[in-house]
Amino acid sequence: MKILDHGFVRIVEAWGGGDHQFTPEALAKAKKDYEAGIIEAARQSTQGSFRGWEKDAHLLNYLYTNKHATPFEFAGMVLEIKCPMFVVREWQRHRTQSYNEMSARYAPLPNENYMPTVERLMMGNDKNKQAGTIKGSEPLTDKQAHVFQDTLQAQYDRFEHNYQAALQAGVPKELARCGMPVGRYTQMRASANLRNWLAFLTLRQAPEAQWEIRQYANAVADIVQEVFPQTHKLYLENK
Ligand SMILES: Cc1cc2nc3c(=O)[nH]c(=O)nc-3n(C[C@H](O)[C@H](O)[C@H](O)COP(=O)(O)OP(=O)(O)OC[C@H]3O[C@@H](n4cnc5c(N)ncnc54)[C@H](O)[C@@H]3O)c2cc1C
């Protein structure tokens, strides 16, 4: 799923099938069920098992609405994400996810940088304090937005020029990156259980979250909806 100008989110793997995924009926199905394991985890208390969604949709609903949250830790997924470094910095505040990221210590980062559109730059919305402009600033004009874009592009170009020159001159990669702009794209894998993906969505799909990470959170929500449809429905209904 393409996001911003050079980014993406894609699913690497999901889990949550429980024992049920190895029954002959489940193995015969083209589409996997990644939510049966949630029911199995809940039934561990009575040594029961999954009984099919006709019978167990009600239990899933009961668990969700009554905040019996731990069974939702028995499903989850790994995503691969390409996003600007400032988005990674916000994302990795979610400590219950596990991460591995591309390292500019080991390989120079490709020259791909985020350029906000003029439309995006004009979103300075005073109602959202975090997205607002500084006190006393003029309303941003179309012309000034273009000036900002040109200046930013020049900064990106200058950094890239200095970066390549430093690498060629023998400066270690881990130090040549010192002036790297936070708009530069990087890539990471993030792994979390379903409970924590939903917590991530609650915080990062909210209007207070920065617009850029919200675009990623919306893409994550689409994946959650595809892979864990019943839980995603409960998430929306109980938001
Ligand atoms: C709109 C918005 C604005 C933000 N602004 C800022 C900002 O200005 N500055 C800033 O530094 N951060 C900011 N953050 C980041 C925010 O403070 C959280 O770090 C981030 O949202 C992750 O939330 P979390 O701690 O609930 O998630 P996780 O780290 O995934 O934790 C999930 C849950 O696990 C539990 N938990 C995890 N670790 C601990 C722990 N050490 N102790 C106790 N319980 C724990 C908590 O119940 C927590 O809710 C902002 C976030 C948002 C959404």
# chains A, B, ... in the order shown; residues from 1 in each chain; ligands from 1
$ select_by_dssp --residues "segment 135-232 of chain A" --states "strand (DSSP E or B)" --output "NGL selection string"
:A and (184-193)
$ residues_near_ligand --ligand "ligand 1" --cutoff "12 Å" --atoms "only C-alpha atoms and all ligand atoms" --output "VMD selection string"
chain A and resid 87 to 99 128 to 131 190 to 214 217
$ closest_residue --among "A:Cys178, A:Met115, A:Val227, A:Met122" --to "Thr141 of chain A" --atoms "only C-alpha atoms"
A:Met122
$ closest_residue --among "A:Leu167, A:Leu236, A:Met1, A:Ile39" --to "Lys82 of chain A" --atoms "only C-alpha atoms"
A:Met1
$ residues_around --residues "segment 151-161 of chain A" --least-positions-apart "4" --cutoff "10 Å" --atoms "only C-alpha atoms" --output "list of chain:residue names"
A:Leu109, A:Pro110, A:Asn111, A:Glu112, A:Asn113, A:Tyr114, A:Met115, A:Pro116, A:Ala145, A:His146, A:Val147, A:Ala165, A:Ala166, A:Arg177, A:Cys178, A:Gly179, A:Met180, A:Pro181, A:Gly183, A:Arg184
$ residues_around --residues "Ala42 of chain A" --least-positions-apart "4" --cutoff "12 Å" --atoms "only C-alpha atoms" --output "list in words"
Gly18, Glu35, Ala36, Gly37, Ile38, Thr46, Gln47, Gly48, Ser49, Phe50, Asp56, Leu59, Leu60, Tyr62, Leu63, Tyr64, His68, Ala69, Thr70, Pro71, Phe72, Glu73, Phe74 and Ala75 of chain A
$ select_by_dssp --residues "segment 56-232 of chain A" --states "alpha helix (DSSP H)" --output "PyMOL selection string"
chain A and resi 56-65+85-91+118-121+142-168+173-176+194-204+211-227+229-232
$ atom_distance --atom1 "atom CA of Ser103 of chain A" --atom2 "atom CA of Tyr216 of chain A"
21.0 Å
$ atom_distance --atom1 "atom CA of Leu79 of chain A" --atom2 "atom CA of Met188 of chain A"
8.3 Å
$ atom_distance --atom1 "atom CA of Ile81 of chain A" --atom2 "atom CA of Val9 of chain A"
4.6 Å
$ residues_around --residues "Tyr106 of chain A" --least-positions-apart "3" --cutoff "9 Å" --atoms "only C-alpha atoms" --output "PDB file with N, CA and C atoms, in the first residue's frame"
ATOM      1  N   MET A 102      16.392  -0.723   9.129  1.00  0.00           N
ATOM      2  CA  MET A 102      17.532  -0.536   8.233  1.00  0.00           C
ATOM      3  C   MET A 102      18.559   0.353   8.963  1.00  0.00           C
ATOM      4  N   SER A 103      19.834   0.070   8.792  1.00  0.00           N
ATOM      5  CA  SER A 103      20.824   0.825   9.549  1.00  0.00           C
ATOM      6  C   SER A 103      21.755   1.603   8.633  1.00  0.00           C
ATOM      7  N   LYS A 173      30.517   5.458   7.655  1.00  0.00           N
ATOM      8  CA  LYS A 173      29.083   5.611   7.332  1.00  0.00           C
ATOM      9  C   LYS A 173      28.305   6.098   8.553  1.00  0.00           C
ATOM     10  N   GLU A 174      28.712   5.579   9.729  1.00  0.00           N
ATOM     11  CA  GLU A 174      27.959   5.923  10.939  1.00  0.00           C
ATOM     12  C   GLU A 174      28.119   7.388  11.331  1.00  0.00           C
TER      13      GLU A 174
END
